[in-house]
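Colleague: This is the structure, below, for whatever I ask next.
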Amino acid sequence: MTHPDTLTIERVAAFSDGETGGNPAGVVIADALPSEIEMQRIAAEVGYSETAFAAPEGNAWRVRYFAPTVEVAFCGHATIALATRLAEHKGPGTYALTLNDSKITVESRQINGRAQASLTSPPTRSAPADPALVSAALDLFGLQASDLAEGFPPGLAHAGNDHLVLALKSRDLLARITYDLDAGAALMAQHGLTTINLLSIETPRLFHSRNAFAIGGVLEDPATGAAAAALGGYLRDLGWPHEGSIDIIQGEDMGARSLLRVDIPAPKGSGIRVSGTARTL
């Protein structure tokens, strides 16, 4: 077990828009993982929506993700952040990661002097959202059923975590979203949700997203790779005309514009590839 006094905490904004934006994550790379109590304490002190902890395990890296108040099974932006730090310390390439419930890969590289990474998510699945849950979520955000986009049914999407996906009928509605953190956390805990992914659809291949993460003690994330992967799987299951990939703009309403590219392979249930750039903080 690694002693907390010997740990180095690195800070990286993943899915950045050039030299701005992105979602900050903490990254701790150690010879062995600290205790669960220490990881939770460090994540709370760092204060970002997630901190990734990684240690070598066989031919892979054992990775755990902690939000300020809870451990999460999978976090996309912290995985991208971790990949860029592994590339810095160990060299660019593809790294195998062993998570709590699954095994994934992440690829890191430098393009035009900028750190970039792509993860392949855990397997995906989706289902229609329970109408009672949809109603409760609409109430949480002060929305009506008439505010939902036509032709895009509310869904439960999974790619390592469960996410409720709600598409709104306008970008203006998305921009006005607000909610109570404690009420959101209670709703997410009741239904086993990691985030609620609110969308507006600019084109079939370009989405704007806001992602509520109250269960982790965070009102909103400026970039959410796990939710992006889950959305990609959901679009595949819907038969959405994604033509193999979509782009997501997130964080604009927080002043932290972030860019996520989502590649959607054809095989049903297969992992989704989520890519972006990162900048060291």
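Ordering of the structure tokens sets the chain letters (A, B, ...), residue numbers begin anew at 1 in every chain, and ligands are numbered from 1 in the order given.
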Would you give me, as JSON lines, each residue of segment 185-242 of chain A having an atom within 12 Å of an atom of segment 74-85 of chain A, along with its shortest atom pair and that distance in Å to one decimal, using only C-alpha atoms and sorting by chain and residue number?
Modeller:
{"residue": "A:Thr194", "atom": "CA", "partner": "A:Phe74", "partner_atom": "CA", "distance": 9.6}
{"residue": "A:Thr195", "atom": "CA", "partner": "A:Cys75", "partner_atom": "CA", "distance": 11.0}
{"residue": "A:Phe213", "atom": "CA", "partner": "A:Cys75", "partner_atom": "CA", "distance": 11.6}
{"residue": "A:Gly216", "atom": "CA", "partner": "A:Cys75", "partner_atom": "CA", "distance": 11.5}
{"residue": "A:Asp221", "atom": "CA", "partner": "A:His77", "partner_atom": "CA", "distance": 9.8}
{"residue": "A:Pro222", "atom": "CA", "partner": "A:His77", "partner_atom": "CA", "distance": 9.7}
{"residue": "A:Ala223", "atom": "CA", "partner": "A:His77", "partner_atom": "CA", "distance": 6.8}
{"residue": "A:Thr224", "atom": "CA", "partner": "A:His77", "partner_atom": "CA", "distance": 5.9}
{"residue": "A:Gly225", "atom": "CA", "partner": "A:Gly76", "partner_atom": "CA", "distance": 3.8}
{"residue": "A:Ala226", "atom": "CA", "partner": "A:Gly76", "partner_atom": "CA", "distance": 4.5}
{"residue": "A:Ala227", "atom": "CA", "partner": "A:Gly76", "partner_atom": "CA", "distance": 7.8}
{"residue": "A:Ala228", "atom": "CA", "partner": "A:Gly76", "partner_atom": "CA", "distance": 8.3}
{"residue": "A:Ala229", "atom": "CA", "partner": "A:Gly76", "partner_atom": "CA", "distance": 8.2}
{"residue": "A:Ala230", "atom": "CA", "partner": "A:Gly76", "partner_atom": "CA", "distance": 10.4}
Colleague: From a DSSP calculation on the backbone, collect every residue of segment 42-249 of chain A in strand (DSSP E) and output the set as a ChimeraX atom specification.
Modeller: /A:51-57,60-66,71-72,93-98,103-111,114-120,125-128,155-158,162-168,195-203,206-213,218-221,245-249
Colleague: Which residues in segment 150-193 of chain A does DSSP call helix (DSSP H, G or I)? List them as a PyMOL selection string.
Modeller: chain A and resi 171-175+181-191
Colleague: Which polymer residues have any atom within 10 Å of an atom of Ile264 of chain A, counting only C-alpha atoms, with same-chain residues fewer than 4 positions away left out, as a list of chain:residue names?
Modeller: A:Ala229, A:Leu231, A:Gly232, A:Gly233, A:Leu235, A:Arg236, A:His242, A:Glu243, A:Gly244, A:Ser245, A:Ile246, A:Lys268, A:Ser270, A:Gly271, A:Ile272, A:Arg273, A:Val274
Colleague: Grab the residues selected above and save them as a PDB file, in the first residue's frame with N, CA, C and O atoms.
Modeller:
ATOM      1  N   ALA A 229     -19.967   8.116 -23.908  1.00  0.00           N
ATOM      2  CA  ALA A 229     -19.943   6.730 -24.374  1.00  0.00           C
ATOM      3  C   ALA A 229     -21.319   6.089 -24.270  1.00  0.00           C
ATOM      4  O   ALA A 229     -21.773   5.391 -25.185  1.00  0.00           O
ATOM      5  N   LEU A 231     -24.165   7.616 -24.304  1.00  0.00           N
ATOM      6  CA  LEU A 231     -25.002   8.213 -25.340  1.00  0.00           C
ATOM      7  C   LEU A 231     -24.733   7.562 -26.687  1.00  0.00           C
ATOM      8  O   LEU A 231     -25.678   7.262 -27.440  1.00  0.00           O
ATOM      9  N   GLY A 232     -23.465   7.321 -27.008  1.00  0.00           N
ATOM     10  CA  GLY A 232     -23.152   6.657 -28.268  1.00  0.00           C
ATOM     11  C   GLY A 232     -23.812   5.294 -28.379  1.00  0.00           C
ATOM     12  O   GLY A 232     -24.368   4.933 -29.427  1.00  0.00           O
ATOM     13  N   GLY A 233     -23.768   4.526 -27.284  1.00  0.00           N
ATOM     14  CA  GLY A 233     -24.437   3.227 -27.290  1.00  0.00           C
ATOM     15  C   GLY A 233     -25.938   3.357 -27.436  1.00  0.00           C
ATOM     16  O   GLY A 233     -26.583   2.547 -28.126  1.00  0.00           O
ATOM     17  N   LEU A 235     -27.593   5.837 -28.953  1.00  0.00           N
ATOM     18  CA  LEU A 235     -27.905   6.200 -30.329  1.00  0.00           C
ATOM     19  C   LEU A 235     -27.846   4.981 -31.244  1.00  0.00           C
ATOM     20  O   LEU A 235     -28.674   4.826 -32.155  1.00  0.00           O
ATOM     21  N   ARG A 236     -26.868   4.123 -31.024  1.00  0.00           N
ATOM     22  CA  ARG A 236     -26.766   2.891 -31.815  1.00  0.00           C
ATOM     23  C   ARG A 236     -28.007   2.030 -31.612  1.00  0.00           C
ATOM     24  O   ARG A 236     -28.581   1.509 -32.585  1.00  0.00           O
ATOM     25  N   HIS A 242     -26.328   8.374 -36.964  1.00  0.00           N
ATOM     26  CA  HIS A 242     -25.064   8.949 -36.507  1.00  0.00           C
ATOM     27  C   HIS A 242     -23.928   8.788 -37.510  1.00  0.00           C
ATOM     28  O   HIS A 242     -22.884   9.426 -37.379  1.00  0.00           O
ATOM     29  N   GLU A 243     -24.092   7.900 -38.498  1.00  0.00           N
ATOM     30  CA  GLU A 243     -23.105   7.676 -39.548  1.00  0.00           C
ATOM     31  C   GLU A 243     -21.730   7.305 -38.986  1.00  0.00           C
ATOM     32  O   GLU A 243     -20.688   7.578 -39.594  1.00  0.00           O
ATOM     33  N   GLY A 244     -21.718   6.701 -37.817  1.00  0.00           N
ATOM     34  CA  GLY A 244     -20.470   6.188 -37.264  1.00  0.00           C
ATOM     35  C   GLY A 244     -19.798   7.052 -36.226  1.00  0.00           C
ATOM     36  O   GLY A 244     -18.910   6.576 -35.517  1.00  0.00           O
ATOM     37  N   SER A 245     -20.201   8.315 -36.109  1.00  0.00           N
ATOM     38  CA  SER A 245     -19.585   9.172 -35.095  1.00  0.00           C
ATOM     39  C   SER A 245     -20.451  10.393 -34.838  1.00  0.00           C
ATOM     40  O   SER A 245     -21.247  10.803 -35.695  1.00  0.00           O
ATOM     41  N   ILE A 246     -20.279  10.966 -33.647  1.00  0.00           N
ATOM     42  CA  ILE A 246     -20.925  12.228 -33.309  1.00  0.00           C
ATOM     43  C   ILE A 246     -19.899  13.113 -32.596  1.00  0.00           C
ATOM     44  O   ILE A 246     -18.870  12.634 -32.118  1.00  0.00           O
ATOM     45  N   LYS A 268     -23.620  -4.289 -31.900  1.00  0.00           N
ATOM     46  CA  LYS A 268     -24.461  -3.915 -30.764  1.00  0.00           C
ATOM     47  C   LYS A 268     -23.790  -4.291 -29.456  1.00  0.00           C
ATOM     48  O   LYS A 268     -23.280  -5.401 -29.294  1.00  0.00           O
ATOM     49  N   SER A 270     -21.019  -3.267 -28.212  1.00  0.00           N
ATOM     50  CA  SER A 270     -19.566  -3.132 -28.137  1.00  0.00           C
ATOM     51  C   SER A 270     -19.188  -1.777 -27.539  1.00  0.00           C
ATOM     52  O   SER A 270     -19.965  -0.826 -27.539  1.00  0.00           O
ATOM     53  N   GLY A 271     -17.957  -1.695 -27.015  1.00  0.00           N
ATOM     54  CA  GLY A 271     -17.483  -0.469 -26.407  1.00  0.00           C
ATOM     55  C   GLY A 271     -17.453   0.689 -27.379  1.00  0.00           C
ATOM     56  O   GLY A 271     -17.271   0.511 -28.588  1.00  0.00           O
ATOM     57  N   ILE A 272     -17.644   1.883 -26.841  1.00  0.00           N
ATOM     58  CA  ILE A 272     -17.660   3.120 -27.640  1.00  0.00           C
ATOM     59  C   ILE A 272     -16.330   3.839 -27.447  1.00  0.00           C
ATOM     60  O   ILE A 272     -15.786   3.915 -26.348  1.00  0.00           O
ATOM     61  N   ARG A 273     -15.805   4.405 -28.530  1.00  0.00           N
ATOM     62  CA  ARG A 273     -14.526   5.123 -28.485  1.00  0.00           C
ATOM     63  C   ARG A 273     -14.798   6.619 -28.295  1.00  0.00           C
ATOM     64  O   ARG A 273     -15.531   7.227 -29.096  1.00  0.00           O
ATOM     65  N   VAL A 274     -14.224   7.190 -27.248  1.00  0.00           N
ATOM     66  CA  VAL A 274     -14.405   8.613 -26.943  1.00  0.00           C
ATOM     67  C   VAL A 274     -13.025   9.267 -26.934  1.00  0.00           C
ATOM     68  O   VAL A 274     -12.110   8.779 -26.255  1.00  0.00           O
TER      69      VAL A 274
END
Colleague: Find the residue from A:Thr94, A:Asn112, A:Thr69, A:Ser16 that sits nearest to Ala214 of chain A; use only C-alpha atoms when measuring.
Modeller: A:Thr69
Colleague: Under the rule that only C-alpha atoms are counted, which of A:Phe66, A:Tyr234, A:Trp240, A:Tyr95 is the nearest residue to Phe53 of chain A?
Modeller: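 Checking each of A:Phe66, A:Tyr234, A:Trp240, A:Tyr95 against Phe53 of chain A, counting only C-alpha atoms, the winner is A:Phe66.
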Colleague: A:Asp263, A:Asp139, A:Asp130, A:Asp172: which is nearest Pro154 of chain A, counting only C-alpha atoms?
Modeller: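 Ranking A:Asp263, A:Asp139, A:Asp130, A:Asp172 by distance to Pro154 of chain A, first place goes to A:Asp130.
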Colleague: Just give me the gap between atom CA of Ala127 of chain A and atom CA of Arg176 of chain A in Å, one decimal is fine.
Modeller: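 Distance reported for this atom pair: 27.4 Å.
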Colleague: I want to know what sits within 12 Å of Ala167 of chain A, based on only C-alpha atoms, with residues of the same chain fewer than 3 positions away left out; could you give that as an NGL selection string?
Modeller: :A and (134 or 138 or 143 or 145-155 or 164 or 170-171 or 173-174 or 196-202 or 207-211 or 231 or 235)
Colleague: Filtering to N, CA and C atoms, could you give me those residues as an mmCIF file, in the first residue's frame?
Modeller:
data_model
loop_
_atom_site.group_PDB
_atom_site.id
_atom_site.type_symbol
_atom_site.label_atom_id
_atom_site.label_comp_id
_atom_site.auth_asym_id
_atom_site.auth_seq_id
_atom_site.Cartn_x
_atom_site.Cartn_y
_atom_site.Cartn_z
ATOM 1 N N VAL A 134 -38.672 9.770 -15.479
ATOM 2 C CA VAL A 134 -38.641 10.919 -16.382
ATOM 3 C C VAL A 134 -39.418 12.089 -15.780
ATOM 4 N N LEU A 138 -37.829 15.684 -14.804
ATOM 5 C CA LEU A 138 -38.353 16.936 -15.350
ATOM 6 C C LEU A 138 -38.705 17.914 -14.228
ATOM 7 N N LEU A 143 -38.789 21.453 -15.715
ATOM 8 C CA LEU A 143 -39.186 21.258 -17.107
ATOM 9 C C LEU A 143 -40.553 20.597 -17.198
ATOM 10 N N ALA A 145 -43.064 17.990 -19.861
ATOM 11 C CA ALA A 145 -42.937 16.954 -20.894
ATOM 12 C C ALA A 145 -42.886 17.576 -22.283
ATOM 13 N N SER A 146 -43.556 18.711 -22.458
ATOM 14 C CA SER A 146 -43.562 19.383 -23.753
ATOM 15 C C SER A 146 -42.211 19.996 -24.104
ATOM 16 N N ASP A 147 -41.289 20.052 -23.131
ATOM 17 C CA ASP A 147 -39.948 20.572 -23.391
ATOM 18 C C ASP A 147 -39.021 19.529 -24.013
ATOM 19 N N LEU A 148 -39.446 18.264 -24.045
ATOM 20 C CA LEU A 148 -38.615 17.210 -24.605
ATOM 21 C C LEU A 148 -38.650 17.235 -26.131
ATOM 22 N N ALA A 149 -37.515 16.867 -26.727
ATOM 23 C CA ALA A 149 -37.419 16.836 -28.187
ATOM 24 C C ALA A 149 -38.269 15.704 -28.745
ATOM 25 N N GLU A 150 -38.951 15.974 -29.841
ATOM 26 C CA GLU A 150 -39.725 14.933 -30.502
ATOM 27 C C GLU A 150 -38.778 13.975 -31.229
ATOM 28 N N GLY A 151 -39.139 12.689 -31.225
ATOM 29 C CA GLY A 151 -38.356 11.707 -31.960
ATOM 30 C C GLY A 151 -37.126 11.210 -31.232
ATOM 31 N N PHE A 152 -36.974 11.604 -29.955
ATOM 32 C CA PHE A 152 -35.828 11.152 -29.175
ATOM 33 C C PHE A 152 -36.344 10.735 -27.801
ATOM 34 N N PRO A 153 -36.683 9.464 -27.630
ATOM 35 C CA PRO A 153 -37.289 9.031 -26.372
ATOM 36 C C PRO A 153 -36.303 9.073 -25.210
ATOM 37 N N PRO A 154 -36.743 9.474 -24.029
ATOM 38 C CA PRO A 154 -35.869 9.411 -22.848
ATOM 39 C C PRO A 154 -35.396 7.982 -22.627
ATOM 40 N N GLY A 155 -34.132 7.839 -22.256
ATOM 41 C CA GLY A 155 -33.590 6.488 -22.110
ATOM 42 C C GLY A 155 -32.639 6.362 -20.944
ATOM 43 N N LEU A 164 -29.281 8.698 -17.161
ATOM 44 C CA LEU A 164 -30.559 9.063 -17.759
ATOM 45 C C LEU A 164 -30.285 10.076 -18.858
ATOM 46 N N SER A 170 -34.842 22.610 -27.481
ATOM 47 C CA SER A 170 -34.110 23.795 -27.923
ATOM 48 C C SER A 170 -32.840 23.989 -27.117
ATOM 49 N N ARG A 171 -31.895 24.680 -27.734
ATOM 50 C CA ARG A 171 -30.655 25.022 -27.052
ATOM 51 C C ARG A 171 -30.922 26.026 -25.930
ATOM 52 N N LEU A 173 -33.518 26.195 -23.950
ATOM 53 C CA LEU A 173 -33.975 25.444 -22.776
ATOM 54 C C LEU A 173 -32.797 24.832 -22.038
ATOM 55 N N LEU A 174 -31.873 24.255 -22.792
ATOM 56 C CA LEU A 174 -30.699 23.642 -22.175
ATOM 57 C C LEU A 174 -29.889 24.683 -21.405
ATOM 58 N N ILE A 196 -27.292 12.620 -15.026
ATOM 59 C CA ILE A 196 -28.434 12.883 -15.907
ATOM 60 C C ILE A 196 -27.899 13.735 -17.051
ATOM 61 N N ASN A 197 -27.967 13.198 -18.257
ATOM 62 C CA ASN A 197 -27.395 13.824 -19.444
ATOM 63 C C ASN A 197 -28.495 14.552 -20.197
ATOM 64 N N LEU A 198 -28.452 15.875 -20.144
ATOM 65 C CA LEU A 198 -29.428 16.725 -20.831
ATOM 66 C C LEU A 198 -28.821 17.207 -22.141
ATOM 67 N N LEU A 199 -29.565 17.090 -23.222
ATOM 68 C CA LEU A 199 -29.029 17.357 -24.555
ATOM 69 C C LEU A 199 -29.891 18.350 -25.309
ATOM 70 N N SER A 200 -29.268 19.037 -26.260
ATOM 71 C CA SER A 200 -30.000 19.621 -27.373
ATOM 72 C C SER A 200 -29.310 19.145 -28.649
ATOM 73 N N ILE A 201 -30.078 19.013 -29.698
ATOM 74 C CA ILE A 201 -29.594 18.383 -30.931
ATOM 75 C C ILE A 201 -29.477 19.455 -32.004
ATOM 76 N N GLU A 202 -28.239 19.813 -32.364
ATOM 77 C CA GLU A 202 -28.034 20.807 -33.420
ATOM 78 C C GLU A 202 -28.195 20.159 -34.784
ATOM 79 N N PHE A 207 -24.242 17.329 -30.943
ATOM 80 C CA PHE A 207 -25.066 17.479 -29.751
ATOM 81 C C PHE A 207 -24.431 18.499 -28.802
ATOM 82 N N HIS A 208 -25.281 19.225 -28.101
ATOM 83 C CA HIS A 208 -24.862 20.031 -26.961
ATOM 84 C C HIS A 208 -25.332 19.312 -25.707
ATOM 85 N N SER A 209 -24.476 19.279 -24.690
ATOM 86 C CA SER A 209 -24.769 18.484 -23.490
ATOM 87 C C SER A 209 -24.516 19.281 -22.224
ATOM 88 N N ARG A 210 -25.379 19.042 -21.227
ATOM 89 C CA ARG A 210 -25.109 19.437 -19.849
ATOM 90 C C ARG A 210 -25.343 18.206 -18.990
ATOM 91 N N ASN A 211 -24.437 17.961 -18.048
ATOM 92 C CA ASN A 211 -24.453 16.697 -17.328
ATOM 93 C C ASN A 211 -24.473 16.929 -15.827
ATOM 94 N N LEU A 231 -24.165 7.616 -24.304
ATOM 95 C CA LEU A 231 -25.002 8.213 -25.340
ATOM 96 C C LEU A 231 -24.733 7.562 -26.687
ATOM 97 N N LEU A 235 -27.593 5.837 -28.953
ATOM 98 C CA LEU A 235 -27.905 6.200 -30.329
ATOM 99 C C LEU A 235 -27.846 4.981 -31.244
#
Colleague: For a quick check of understanding, using only C-alpha atoms, which of A:Leu259, A:Ala186, A:Ile9, A:Ala52 has the smallest distance to Leu206 of chain A?
Modeller: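 Closest candidate: A:Leu259.
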Colleague: So, with only C-alpha atoms as the atoms that count, which of A:Glu220, A:Gly239, A:Gly142, A:Ser121 lies closest to Ala256 of chain A?
Modeller: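 Closest to Ala256 of chain A, using only C-alpha atoms: A:Glu220.
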Colleague: Tell me which of A:Gly269, A:Val165, A:Val218, A:Leu193 sits closest to Leu181 of chain A, counting only C-alpha atoms.
Modeller: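 Ranking A:Gly269, A:Val165, A:Val218, A:Leu193 by distance to Leu181 of chain A, first place goes to A:Val218.
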Colleague: Just how far from atom CA of Lys103 of chain A is atom CA of Asn161 of chain A, in Å to one decimal?
Modeller: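 These atoms are spaced 13.5 Å apart.
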Colleague: Taking 3 positions as the minimum chain separation for residues in the same chain, which residues sit within 7 Å of Leu260 of chain A when counting only C-alpha atoms? Answer as a PyMOL selection string.
Modeller: chain A and resi 15+247-249+274-276
Colleague: For the selection you just gave me, I'd like the residues written to a file as a compact mmCIF listing (two decimals), in the first residue's frame, keeping all heavy atoms.
Modeller:
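Written output follows (result-v2.txt):
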# COMPACT_ATOMS: atom_id res chain seq x y z
N PHE A 15 -10.67 16.76 -22.48
CA PHE A 15 -11.63 17.18 -23.50
C PHE A 15 -11.61 18.71 -23.65
O PHE A 15 -12.64 19.35 -23.84
CB PHE A 15 -13.05 16.68 -23.19
CG PHE A 15 -13.15 15.18 -23.12
CD1 PHE A 15 -13.49 14.55 -21.92
CD2 PHE A 15 -12.90 14.39 -24.23
CE1 PHE A 15 -13.60 13.17 -21.84
CE2 PHE A 15 -13.01 13.01 -24.15
CZ PHE A 15 -13.35 12.39 -22.96
N ASP A 247 -20.20 14.39 -32.52
CA ASP A 247 -19.44 15.33 -31.71
C ASP A 247 -20.35 15.91 -30.64
O ASP A 247 -21.55 16.14 -30.87
CB ASP A 247 -18.88 16.46 -32.58
CG ASP A 247 -17.79 15.96 -33.50
OD1 ASP A 247 -16.73 15.54 -32.99
OD2 ASP A 247 -17.99 15.99 -34.74
N ILE A 248 -19.77 16.15 -29.48
CA ILE A 248 -20.50 16.72 -28.36
C ILE A 248 -19.78 17.98 -27.89
O ILE A 248 -18.57 17.96 -27.66
CB ILE A 248 -20.60 15.73 -27.19
CG1 ILE A 248 -21.37 14.47 -27.62
CG2 ILE A 248 -21.29 16.37 -25.97
CD1 ILE A 248 -21.35 13.36 -26.57
N ILE A 249 -20.54 19.06 -27.77
CA ILE A 249 -20.04 20.29 -27.16
C ILE A 249 -20.65 20.37 -25.77
O ILE A 249 -21.88 20.31 -25.62
CB ILE A 249 -20.42 21.52 -27.99
CG1 ILE A 249 -19.83 21.43 -29.41
CG2 ILE A 249 -19.94 22.80 -27.30
CD1 ILE A 249 -20.34 22.49 -30.35
N VAL A 274 -14.22 7.19 -27.25
CA VAL A 274 -14.41 8.61 -26.94
C VAL A 274 -13.03 9.27 -26.93
O VAL A 274 -12.11 8.78 -26.25
CB VAL A 274 -15.11 8.82 -25.60
CG1 VAL A 274 -15.33 10.31 -25.35
CG2 VAL A 274 -16.43 8.07 -25.55
N SER A 275 -12.88 10.35 -27.67
CA SER A 275 -11.56 10.98 -27.85
C SER A 275 -11.62 12.46 -27.55
O SER A 275 -12.67 13.11 -27.65
CB SER A 275 -11.08 10.79 -29.30
OG SER A 275 -11.07 9.45 -29.69
N GLY A 276 -10.45 12.98 -27.17
CA GLY A 276 -10.33 14.41 -26.95
C GLY A 276 -8.91 14.81 -26.63
O GLY A 276 -8.02 13.96 -26.48
Colleague: May I ask for the distance between atom CA of Val106 of chain A and atom CA of Ala87 of chain A, given in Å to one decimal place?
Modeller: 10.6 Å
Colleague: Would you mind listing what lies within 8 Å of Pro92 of chain A as JSON, numbers by chain, with only C-alpha atoms counted and same-chain residues fewer than 4 positions away left out?
Modeller: {"A": [86, 87, 88, 107, 108, 109, 110]}
Colleague: Output N, CA, C and O atoms for every residue in that selection, as a tab-separated table (two decimals), in the first residue's frame.
Modeller:
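selection.tsv was written with the following content:
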chain	number	residue	atom	x	y	z
A	86	LEU	N	0.19	8.98	-18.22
A	86	LEU	CA	0.94	7.75	-18.51
A	86	LEU	C	1.85	7.96	-19.72
A	86	LEU	O	2.99	7.48	-19.74
A	87	ALA	N	1.34	8.68	-20.71
A	87	ALA	CA	2.17	8.96	-21.89
A	87	ALA	C	3.38	9.80	-21.51
A	87	ALA	O	4.48	9.59	-22.02
A	88	GLU	N	3.17	10.75	-20.61
A	88	GLU	CA	4.27	11.62	-20.18
A	88	GLU	C	5.33	10.83	-19.41
A	88	GLU	O	6.54	11.03	-19.61
A	107	GLU	N	-5.75	4.91	-25.34
A	107	GLU	CA	-4.60	5.19	-26.22
A	107	GLU	C	-4.20	6.64	-26.06
A	107	GLU	O	-5.07	7.54	-26.07
A	108	SER	N	-2.92	6.89	-25.91
A	108	SER	CA	-2.43	8.26	-25.76
A	108	SER	C	-1.44	8.58	-26.87
A	108	SER	O	-0.72	7.71	-27.35
A	109	ARG	N	-1.38	9.86	-27.26
A	109	ARG	CA	-0.50	10.27	-28.36
A	109	ARG	C	-0.32	11.79	-28.30
A	109	ARG	O	-1.05	12.50	-27.60
A	110	GLN	N	0.63	12.27	-29.05
A	110	GLN	CA	0.85	13.70	-29.23
A	110	GLN	C	0.58	14.05	-30.68
A	110	GLN	O	1.13	13.41	-31.59
